[in-house]
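What's in run_27.csv: CSV, C-alpha atoms
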chain,number,residue,atom,x,y,z
A,1,MET,CA,113.5,88.1,46.9
A,2,GLU,CA,109.8,88.1,47.7
A,3,LYS,CA,108.2,91.5,47.8
A,4,ARG,CA,106.7,92.8,51.0
A,5,HIS,CA,103.1,93.9,50.8
A,6,LEU,CA,102.1,97.4,51.9
A,7,TYR,CA,98.5,98.5,52.3
A,8,PHE,CA,97.6,102.2,52.3
A,9,TYR,CA,94.2,103.8,53.0
A,10,SER,CA,92.7,107.3,52.4
A,11,ASP,CA,89.0,108.0,52.7
A,12,ALA,CA,89.3,111.7,51.8
A,13,GLN,CA,86.9,112.8,49.1
A,14,GLU,CA,88.9,115.9,48.2
A,15,TRP,CA,92.3,116.1,46.7
A,16,GLY,CA,95.0,118.2,48.4
A,17,GLY,CA,98.5,118.2,49.8
A,18,GLN,CA,98.1,115.2,52.1
A,19,GLU,CA,96.7,113.1,49.3
A,20,ILE,CA,99.4,114.2,46.8
A,21,LEU,CA,102.1,113.2,49.2
A,22,ALA,CA,100.5,109.9,50.1
A,23,ALA,CA,100.4,108.9,46.4
A,24,ARG,CA,104.0,110.0,45.9
A,25,ILE,CA,105.1,107.8,48.8
A,26,ALA,CA,103.2,104.8,47.5
A,27,ASN,CA,104.7,105.3,44.1
A,28,ILE,CA,108.3,105.5,45.5
A,29,LEU,CA,107.8,102.3,47.4
A,30,SER,CA,106.3,100.5,44.4
A,31,LYS,CA,109.0,101.8,42.0
A,32,SER,CA,111.8,100.5,44.4
A,33,GLY,CA,110.9,96.9,43.5
A,34,LEU,CA,110.9,95.9,47.1
A,35,TYR,CA,107.2,96.2,47.8
A,36,LYS,CA,103.9,95.3,46.3
A,37,VAL,CA,101.7,98.3,47.2
A,38,HIS,CA,98.0,98.2,47.5
A,39,PHE,CA,96.0,101.4,48.0
A,40,PHE,CA,92.4,101.8,49.3
A,41,PHE,CA,91.1,105.2,48.2
A,42,ALA,CA,88.0,107.3,48.0
A,43,SER,CA,89.1,110.2,45.7
A,44,PHE,CA,89.2,109.1,42.1
A,45,THR,CA,92.2,111.3,41.5
A,46,PHE,CA,94.2,108.5,43.0
A,47,THR,CA,93.5,106.5,39.9
A,48,GLU,CA,95.4,109.1,37.9
A,49,LYS,CA,98.2,109.8,40.4
A,50,LEU,CA,99.1,106.3,41.5
A,51,SER,CA,101.5,104.4,39.2
A,52,HIS,CA,100.2,101.4,37.2
A,53,ASP,CA,102.2,99.0,39.5
A,54,VAL,CA,100.1,100.0,42.6
A,55,GLU,CA,96.9,98.0,43.1
A,56,LYS,CA,94.1,100.5,43.3
A,57,ILE,CA,91.0,99.5,45.4
A,58,HIS,CA,88.2,102.0,45.4
A,59,LEU,CA,86.2,102.5,48.6
A,60,PRO,CA,82.4,102.8,48.2
A,61,TYR,CA,82.3,105.7,50.8
A,62,HIS,CA,84.3,108.7,51.9
A,63,SER,CA,84.9,110.6,55.1
A,64,GLN,CA,82.2,113.1,55.9
A,65,GLY,CA,82.4,116.3,57.9
A,66,PRO,CA,81.6,118.0,60.1
A,67,LEU,CA,82.4,115.7,63.0
A,68,PRO,CA,83.7,112.7,61.0
A,69,ILE,CA,84.5,110.7,64.1
A,70,ILE,CA,80.8,110.6,64.9
A,71,ARG,CA,79.3,110.6,61.4
A,72,ASP,CA,81.7,108.0,60.1
A,73,GLY,CA,81.7,106.1,63.4
A,74,LEU,CA,77.9,105.8,63.6
A,75,SER,CA,77.7,104.7,59.9
A,76,SER,CA,78.2,101.2,58.5
A,77,LYS,CA,81.6,102.3,57.0
A,78,ALA,CA,83.7,100.3,59.5
A,79,LYS,CA,81.8,97.2,58.6
A,80,ILE,CA,82.3,97.9,54.9
A,81,ALA,CA,86.0,98.6,55.4
A,82,LYS,CA,86.3,95.3,57.4
A,83,LYS,CA,84.7,93.4,54.6
A,84,ILE,CA,86.9,95.0,52.0
A,85,PHE,CA,90.1,94.3,54.1
A,86,LYS,CA,89.1,90.7,54.6
A,87,ALA,CA,88.5,90.3,50.8
A,88,ASN,CA,92.2,91.4,50.5
A,89,ASN,CA,93.5,88.8,52.9
A,90,ALA,CA,93.6,91.1,56.0
A,91,GLY,CA,95.1,89.1,59.0
A,92,SER,CA,97.4,87.1,56.8
A,93,PRO,CA,101.2,87.5,57.2
A,94,GLU,CA,101.3,89.7,54.1
A,95,PHE,CA,98.5,92.0,55.4
A,96,ASN,CA,99.0,92.5,59.1
A,97,GLN,CA,99.4,96.3,59.1
A,98,LEU,CA,97.6,99.3,57.5
A,99,ILE,CA,99.0,102.7,56.7
A,100,ILE,CA,96.4,105.4,57.0
A,101,CYS,CA,96.8,108.8,55.4
A,102,PRO,CA,94.5,111.2,57.4
A,103,GLY,CA,94.8,115.0,57.2
A,104,ASN,CA,93.9,115.1,60.9
A,105,ILE,CA,93.1,112.7,63.7
A,106,GLU,CA,89.4,112.6,62.9
A,107,ARG,CA,89.8,111.1,59.5
A,108,CYS,CA,90.1,107.4,58.6
A,109,THR,CA,88.0,106.3,61.7
A,110,PRO,CA,86.4,103.4,59.8
A,111,ALA,CA,89.8,102.0,58.8
A,112,VAL,CA,91.1,102.3,62.4
A,113,ARG,CA,88.1,100.4,63.8
A,114,ALA,CA,88.1,97.8,61.1
A,115,ALA,CA,91.9,97.2,61.4
A,116,LYS,CA,91.7,96.8,65.1
A,117,SER,CA,88.9,94.3,64.9
A,118,LEU,CA,91.0,92.3,62.5
A,119,GLY,CA,94.1,92.5,64.6
A,120,LEU,CA,96.1,94.7,62.2
A,121,SER,CA,98.5,97.3,63.5
A,122,VAL,CA,97.9,100.8,62.3
A,123,ILE,CA,100.6,103.2,61.1
A,124,SER,CA,99.6,106.9,60.5
A,125,TYR,CA,101.1,109.2,57.9
A,126,TYR,CA,100.2,111.7,59.6
A,127,PRO,CA,97.5,113.6,61.4
A,128,MET,CA,98.0,117.3,61.8
A,129,ALA,CA,98.4,117.4,65.5
A,130,TYR,CA,96.7,120.7,66.3
A,131,THR,CA,93.6,120.2,68.5
A,132,GLN,CA,90.2,121.3,67.2
A,133,LYS,CA,90.1,123.8,70.1
A,134,GLU,CA,93.4,125.3,69.0
A,135,SER,CA,92.1,125.6,65.5
A,136,LYS,CA,88.9,127.2,66.8
A,137,ALA,CA,86.7,124.6,65.3
A,138,LYS,CA,83.1,124.2,66.2
A,139,PHE,CA,82.6,121.9,69.2
A,140,GLY,CA,86.3,121.8,69.5
A,141,VAL,CA,86.6,120.6,73.1
A,142,PHE,CA,84.1,117.7,72.5
A,143,ARG,CA,85.9,116.7,69.2
A,144,ASP,CA,89.2,116.7,71.0
A,145,PHE,CA,87.8,114.4,73.7
A,146,LEU,CA,86.8,112.0,70.9
A,147,ALA,CA,90.1,112.3,69.2
A,148,LEU,CA,91.9,111.1,72.4
A,149,GLN,CA,90.2,107.8,71.9
A,150,ILE,CA,91.9,107.4,68.5
A,151,TYR,CA,95.6,108.3,69.3
A,152,PRO,CA,96.2,105.2,71.4
A,153,GLN,CA,95.1,102.9,68.6
A,154,ILE,CA,97.9,104.0,66.3
A,155,SER,CA,101.1,101.9,66.6
A,156,LYS,CA,103.6,104.2,64.8
A,157,TRP,CA,103.5,107.6,63.3
A,158,ILE,CA,105.1,109.4,60.4
A,159,VAL,CA,105.1,113.3,60.6
A,160,ASN,CA,106.7,115.9,58.4
A,161,THR,CA,108.3,118.4,60.8
A,162,PRO,CA,109.9,118.5,64.3
A,163,TYR,CA,107.1,120.9,65.2
A,164,GLN,CA,104.4,118.4,64.3
A,165,GLU,CA,106.2,115.7,66.3
A,166,LYS,CA,106.2,118.1,69.3
A,167,LEU,CA,102.5,118.6,69.0
A,168,LEU,CA,101.8,114.9,68.5
A,169,ARG,CA,103.9,113.9,71.6
A,170,ARG,CA,101.3,115.6,73.8
A,171,PHE,CA,98.8,112.8,73.0
A,172,ILE,CA,100.8,109.6,72.6
A,173,ASN,CA,102.8,107.3,74.8
A,174,LYS,CA,106.4,108.6,75.2
A,175,ASP,CA,107.7,105.2,73.9
A,176,THR,CA,105.6,105.4,70.7
A,177,THR,CA,107.8,105.5,67.6
A,178,VAL,CA,107.5,108.7,65.5
A,179,TYR,CA,109.4,109.1,62.2
A,180,GLN,CA,110.1,112.4,60.5
A,181,LEU,CA,109.6,112.6,56.8
A,182,PRO,CA,110.1,116.2,55.6
A,183,ASN,CA,107.8,117.3,52.7
A,184,PRO,CA,109.7,117.2,49.4
A,185,LEU,CA,110.3,120.1,47.1
A,186,THR,CA,107.5,120.2,44.4
A,187,PHE,CA,109.5,121.3,41.4
A,188,LYS,CA,112.6,119.7,39.9
A,189,GLU,CA,114.6,122.8,39.5
A,190,ASN,CA,115.0,126.0,41.5
A,191,SER,CA,114.7,129.3,39.6
A,192,PRO,CA,117.1,132.2,40.2
A,193,SER,CA,115.9,134.6,42.9
A,194,ARG,CA,113.9,137.4,41.3
A,195,PRO,CA,114.0,140.7,43.2
A,196,PRO,CA,110.6,142.3,42.7
A,197,GLN,CA,110.3,145.6,40.9
A,198,LYS,CA,106.8,146.2,42.1
A,199,ILE,CA,104.1,144.5,44.1
A,200,ASP,CA,101.2,144.4,41.7
A,201,ASN,CA,100.4,140.7,41.6
A,202,ILE,CA,99.9,138.8,44.8
A,203,ALA,CA,98.8,135.2,45.2
A,204,THR,CA,97.6,133.0,48.0
A,205,ILE,CA,97.2,129.3,47.6
A,206,GLY,CA,95.3,126.9,49.8
A,207,ARG,CA,92.0,125.4,50.8
A,208,LEU,CA,89.5,128.2,51.5
A,209,TYR,CA,89.0,127.6,55.2
A,210,PHE,CA,89.3,130.6,57.4
A,211,GLY,CA,89.8,128.6,60.6
A,212,GLN,CA,93.1,127.3,59.3
A,213,LYS,CA,94.2,129.3,56.3
A,214,GLY,CA,93.1,132.8,57.4
A,215,GLN,CA,92.1,134.1,54.0
A,216,GLU,CA,89.4,136.3,55.6
A,217,ILE,CA,92.1,139.0,56.1
A,218,ILE,CA,92.6,139.4,52.3
A,219,PRO,CA,89.7,141.8,51.4
A,220,GLU,CA,90.7,144.2,54.3
A,221,LEU,CA,94.4,143.9,53.3
A,222,ILE,CA,93.6,145.0,49.8
A,223,LYS,CA,91.9,148.1,51.0
A,224,GLU,CA,94.8,148.8,53.4
A,225,LEU,CA,97.2,148.4,50.5
A,226,SER,CA,95.4,151.2,48.8
A,227,LEU,CA,97.1,150.4,45.5
A,228,LYS,CA,94.9,150.7,42.4
A,229,SER,CA,97.1,148.3,40.5
A,230,VAL,CA,97.1,145.4,43.0
A,231,GLN,CA,95.6,142.1,41.8
A,232,PHE,CA,95.1,139.2,44.2
A,233,LYS,CA,94.8,135.7,42.9
A,234,VAL,CA,93.2,133.4,45.5
A,235,ILE,CA,93.8,129.9,44.4
A,236,GLY,CA,91.8,127.1,46.1
A,237,GLN,CA,88.4,126.1,47.2
A,238,GLY,CA,86.8,125.0,50.4
A,239,PRO,CA,84.0,125.4,52.9
A,240,ASP,CA,84.4,129.2,53.2
A,241,THR,CA,84.4,130.0,49.5
A,242,GLU,CA,81.0,131.7,49.5
A,243,LYS,CA,81.9,133.5,52.7
A,244,PHE,CA,85.1,134.8,51.1
A,245,LYS,CA,83.1,136.0,48.0
A,246,ASP,CA,80.7,137.9,50.4
A,247,LEU,CA,83.6,139.5,52.2
A,248,VAL,CA,85.1,140.6,48.8
A,249,LYS,CA,81.8,142.3,48.0
A,250,GLN,CA,81.4,143.9,51.4
A,251,HIS,CA,84.8,145.5,51.1
A,252,ASN,CA,84.1,146.4,47.4
A,253,VAL,CA,87.3,145.0,46.1
A,254,GLN,CA,85.8,142.7,43.4
A,255,ASP,CA,88.0,144.3,40.8
A,256,HIS,CA,91.1,143.3,42.6
A,257,VAL,CA,90.4,139.7,43.4
A,258,GLU,CA,90.3,136.6,41.1
A,259,ILE,CA,89.3,133.3,42.7
A,260,ILE,CA,90.7,130.3,40.9
A,261,PRO,CA,89.2,127.0,42.2
A,262,TRP,CA,92.4,125.0,41.8
A,263,MET,CA,95.6,124.6,39.7
A,264,SER,CA,97.9,121.8,38.8
A,265,ALA,CA,101.5,121.9,40.0
A,266,ASP,CA,102.7,122.9,36.5
A,267,GLN,CA,100.2,125.8,36.4
A,268,VAL,CA,101.2,127.0,39.9
A,269,HIS,CA,104.9,126.8,38.8
A,270,ASN,CA,104.2,128.8,35.7
A,271,LEU,CA,102.1,131.4,37.5
A,272,LEU,CA,104.6,131.9,40.4
A,273,ARG,CA,107.6,132.1,38.1
A,274,ASN,CA,106.2,134.5,35.6
A,275,ASN,CA,103.2,136.4,36.9
A,276,ILE,CA,103.4,136.8,40.7
A,277,ASP,CA,105.4,139.4,42.7
A,278,LEU,CA,104.6,138.1,46.2
A,279,LEU,CA,103.0,135.0,47.7
A,280,PHE,CA,100.9,135.8,50.8
A,281,ILE,CA,100.6,133.1,53.5
A,282,PRO,CA,98.0,134.1,56.2
A,283,SER,CA,97.7,130.6,57.6
A,284,LYS,CA,97.1,130.3,61.4
A,285,PHE,CA,98.6,126.7,61.5
A,286,GLU,CA,100.0,124.2,59.1
A,287,SER,CA,101.8,120.9,59.2
A,288,GLY,CA,104.3,122.1,56.6
A,289,PRO,CA,103.4,124.8,54.1
A,290,ILE,CA,104.2,123.3,50.7
A,291,VAL,CA,103.4,126.7,49.0
A,292,LEU,CA,106.2,128.4,51.0
A,293,PHE,CA,108.7,126.1,49.4
A,294,GLU,CA,107.1,126.4,45.9
A,295,ALA,CA,107.4,130.2,46.0
A,296,LEU,CA,111.0,130.0,47.2
A,297,GLN,CA,111.7,127.5,44.4
A,298,CYS,CA,110.4,130.0,41.9
A,299,GLY,CA,112.6,132.7,43.4
A,300,ILE,CA,109.9,135.1,44.6
A,301,PRO,CA,109.4,136.6,48.1
A,302,ILE,CA,106.7,135.5,50.5
A,303,LEU,CA,104.9,137.4,53.2
A,304,ALA,CA,103.7,135.1,56.0
A,305,ALA,CA,101.9,135.5,59.3
A,306,ASN,CA,104.5,134.8,62.0
A,307,GLU,CA,102.7,132.0,63.7
A,308,ASN,CA,104.4,129.3,65.8
A,309,TYR,CA,104.7,126.8,62.9
A,310,ILE,CA,106.4,129.3,60.6
A,311,LYS,CA,109.1,130.2,63.2
A,312,ASP,CA,110.8,126.9,62.6
A,313,TYR,CA,111.7,128.1,59.1
A,314,GLN,CA,113.7,131.1,60.3
A,315,LEU,CA,112.6,133.5,57.6
A,316,PRO,CA,114.0,137.0,57.4
A,317,ASN,CA,111.9,139.6,59.3
A,318,TRP,CA,111.0,141.5,56.1
A,319,MET,CA,108.9,138.4,55.0
A,320,LEU,CA,106.9,138.1,58.2
A,321,TYR,CA,104.1,140.1,59.8
A,322,GLU,CA,102.3,139.9,63.2
A,323,PRO,CA,99.3,137.6,62.8
A,324,GLY,CA,96.1,139.4,62.4
A,325,ASN,CA,97.7,142.8,62.0
A,326,VAL,CA,96.4,144.0,58.7
A,327,LYS,CA,98.2,147.3,58.7
A,328,GLU,CA,101.5,145.7,59.4
A,329,ALA,CA,100.9,143.1,56.6
A,330,ALA,CA,100.1,146.0,54.2
A,331,ASP,CA,103.2,147.9,55.2
A,332,LYS,CA,105.4,144.9,54.9
A,333,ALA,CA,103.9,144.0,51.5
A,334,LYS,CA,104.5,147.6,50.2
A,335,ALA,CA,108.1,147.6,51.6
A,336,ILE,CA,109.1,144.2,50.0
A,337,VAL,CA,110.8,145.9,47.0
A,338,ALA,CA,112.8,148.2,49.2
A,339,ASN,CA,113.6,145.6,51.9
A,340,TRP,CA,114.6,142.8,49.5
A,341,ASN,CA,117.9,141.3,50.5
A,342,THR,CA,119.3,138.7,48.1
A,343,LYS,CA,121.9,137.4,50.6
A,344,GLU,CA,119.2,136.8,53.3
A,345,TYR,CA,116.8,135.3,50.7
A,346,GLU,CA,119.4,132.8,49.4
A,347,SER,CA,120.4,131.9,52.9
A,348,ALA,CA,116.8,131.1,53.8
A,349,ARG,CA,116.4,129.0,50.6
A,350,ASN,CA,119.5,127.0,51.3
A,351,ASN,CA,118.6,126.3,54.8
A,352,LEU,CA,115.0,125.3,54.0
A,353,PHE,CA,115.9,123.1,51.0
A,354,LYS,CA,118.3,120.8,52.8
A,355,GLY,CA,117.1,117.2,52.8
A,356,LYS,CA,114.1,118.0,50.6
A,357,SER,CA,115.2,117.1,47.1
A,358,ALA,CA,113.4,114.4,45.3
A,359,GLN,CA,116.3,112.0,45.8
A,360,GLU,CA,116.6,112.8,49.5
A,361,PHE,CA,112.8,112.4,50.0
A,362,SER,CA,112.8,109.0,48.2
A,363,GLN,CA,115.7,107.8,50.3
A,364,ARG,CA,114.1,108.8,53.5
A,365,VAL,CA,110.8,107.1,52.5
A,366,LEU,CA,112.7,103.8,51.8
A,367,GLU,CA,114.6,104.1,55.1
A,368,ILE,CA,111.4,104.5,57.1
A,369,PHE,CA,109.5,101.7,55.4
A,370,ARG,CA,112.5,99.3,55.7
A,371,ASP,CA,112.3,100.0,59.5
A,372,LEU,CA,108.6,99.6,59.6
Entire entry expressed as structure tokens:
Amino acid sequence: MEKRHLYFYSDAQEWGGQEILAARIANILSKSGLYKVHFFFASFTFTEKLSHDVEKIHLPYHSQGPLPIIRDGLSSKAKIAKKIFKANNAGSPEFNQLIICPGNIERCTPAVRAAKSLGLSVISYYPMAYTQKESKAKFGVFRDFLALQIYPQISKWIVNTPYQEKLLRRFINKDTTVYQLPNPLTFKENSPSRPPQKIDNIATIGRLYFGQKGQEIIPELIKELSLKSVQFKVIGQGPDTEKFKDLVKQHNVQDHVEIIPWMSADQVHNLLRNNIDLLFIPSKFESGPIVLFEALQCGIPILAANENYIKDYQLPNWMLYEPGNVKEAADKAKAIVANWNTKEYESARNNLFKGKSAQEFSQRVLEIFRDL
């Protein structure tokens, strides 16, 4: 049987959760033997993470912020993308659709424009469907207006949670097809739950971007904890790295904070399993917090801001705090040892891990792409 051809596209310069999952999906499809997978990419990490069977096509540009719809739209990137697509037989029966992998609706603009000019249908895995206004981004209302021009150009969508589909449905035709592909578990095995004996070592993991991830609360939280022994590992980097360092100095908590630019999955696994008592998640919005599942796979408690996205996960109340309430966050953190409930913890793990094993994820990927 002749293999179908699939063409993926990511113009993100950075490497993060969205790019990791896009590469994983491409590898699953290639390994199945049903598809010949081609991947247009900007981040060179794709050359390491994509399997040898995937054709890797490097883009001579990358998405640029702020305002990528304008910056990328006014550049020559769409023309370059069109030229690259045509060189790879765009418009032929084998290349009549393009799967874009944007972190949000502003990304992949050159690909959308080039694909439409070539008559290709565009499938999006996925944009995070919060508006720029909702995420308190600069020029949010104007950026949302521009984004409304992009949504109608996407033929089908793949999102990772029911909540993301609900958000997305605000902007697309009611008849547009939306598939749900839950994020997979990161690690192969789940560690036994580990009731904490103390809360000395706390970690937070994610891009340092206050507008989404909310790490600006951490220096004040450390002071509120008033624990001399507490050590906070802040893992990640991003546009607010320097601002975060300044806040740490302003609150005079330098001795309690270690900033680690990034870690591999194996390093995160080792750290959470052996050296962390609590994972702190102050995010204001997420598409699906992979770090939540990573911590639960390692058997340690989390403490998360009880934002709308987190409510879908039905975590026990002792692992949640009112968003923005530093005192409650500190009180809940200090009470984790006393409030630990193994039955509730295991129940939450069992509910959250359903359908997210590597095998189940692979099966769902194949189901969706057979339908596409």
Contacts of stretch 135-152 of chain A within 7 Å, only C-alpha atoms, excl. fewer than 4 positions in-chain, as a list in words: Ile105, Glu106, Tyr130, Thr131, Phe171, Ile172, Gly211 and Gln212 of chain A
Selection above as a file: C-alpha atoms, as a compact mmCIF listing (two decimals), in the frame of the given file:
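Below is the file that was written, out18.txt:
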# COMPACT_ATOMS: atom_id res chain seq x y z
CA ILE A 105 93.10 112.70 63.70
CA GLU A 106 89.40 112.60 62.90
CA TYR A 130 96.70 120.70 66.30
CA THR A 131 93.60 120.20 68.50
CA PHE A 171 98.80 112.80 73.00
CA ILE A 172 100.80 109.60 72.60
CA GLY A 211 89.80 128.60 60.60
CA GLN A 212 93.10 127.30 59.30
Distance in Å - atom CA of A:Phe293 versus atom CA of A:Ser362: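 Straight-line distance from atom CA of A:Phe293 to atom CA of A:Ser362 works out to 17.6 Å.
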Surrounding residues of stretch 311-325 of chain A excluding itself and chain neighbours under 2 positions, 7 Å, all atoms listed in the file, as a compact mmCIF listing (two decimals) with C-alpha atoms, keeping the file's coordinate frame:
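Result saved to out_15.txt:
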# COMPACT_ATOMS: atom_id res chain seq x y z
CA ILE A 302 106.70 135.50 50.50
CA LEU A 303 104.90 137.40 53.20
CA ALA A 304 103.70 135.10 56.00
CA ALA A 305 101.90 135.50 59.30
CA ASN A 306 104.50 134.80 62.00
CA GLU A 307 102.70 132.00 63.70
CA ASN A 308 104.40 129.30 65.80
CA TYR A 309 104.70 126.80 62.90
CA LYS A 327 98.20 147.30 58.70
CA GLU A 328 101.50 145.70 59.40
CA ALA A 329 100.90 143.10 56.60
CA LYS A 332 105.40 144.90 54.90
CA ILE A 336 109.10 144.20 50.00
CA ASN A 339 113.60 145.60 51.90
CA GLU A 344 119.20 136.80 53.30
CA ALA A 348 116.80 131.10 53.80
CA LEU A 352 115.00 125.30 54.00
Minimum-distance residue to A:Ser191, chosen among A:Asn96, A:Gln297, A:Asn274, A:Ser226 (using all atoms listed in the file):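 Nearest to A:Ser191: A:Gln297.
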Residues near stretch 112-120 of chain A, cut-off 12 Å, only C-alpha atoms, skip fewer than 2 positions along chain, as a ChimeraX atom specification: /A:7-11,69,72-86,89-102,105-110,122-124,149-155
Residue neighbourhood A:Glu258, 12 Å, only C-alpha atoms, exclusion window fewer than 5 positions, as a VMD selection string: chain A and resid 201 to 205 218 to 219 230 to 236 244 to 245 248 253
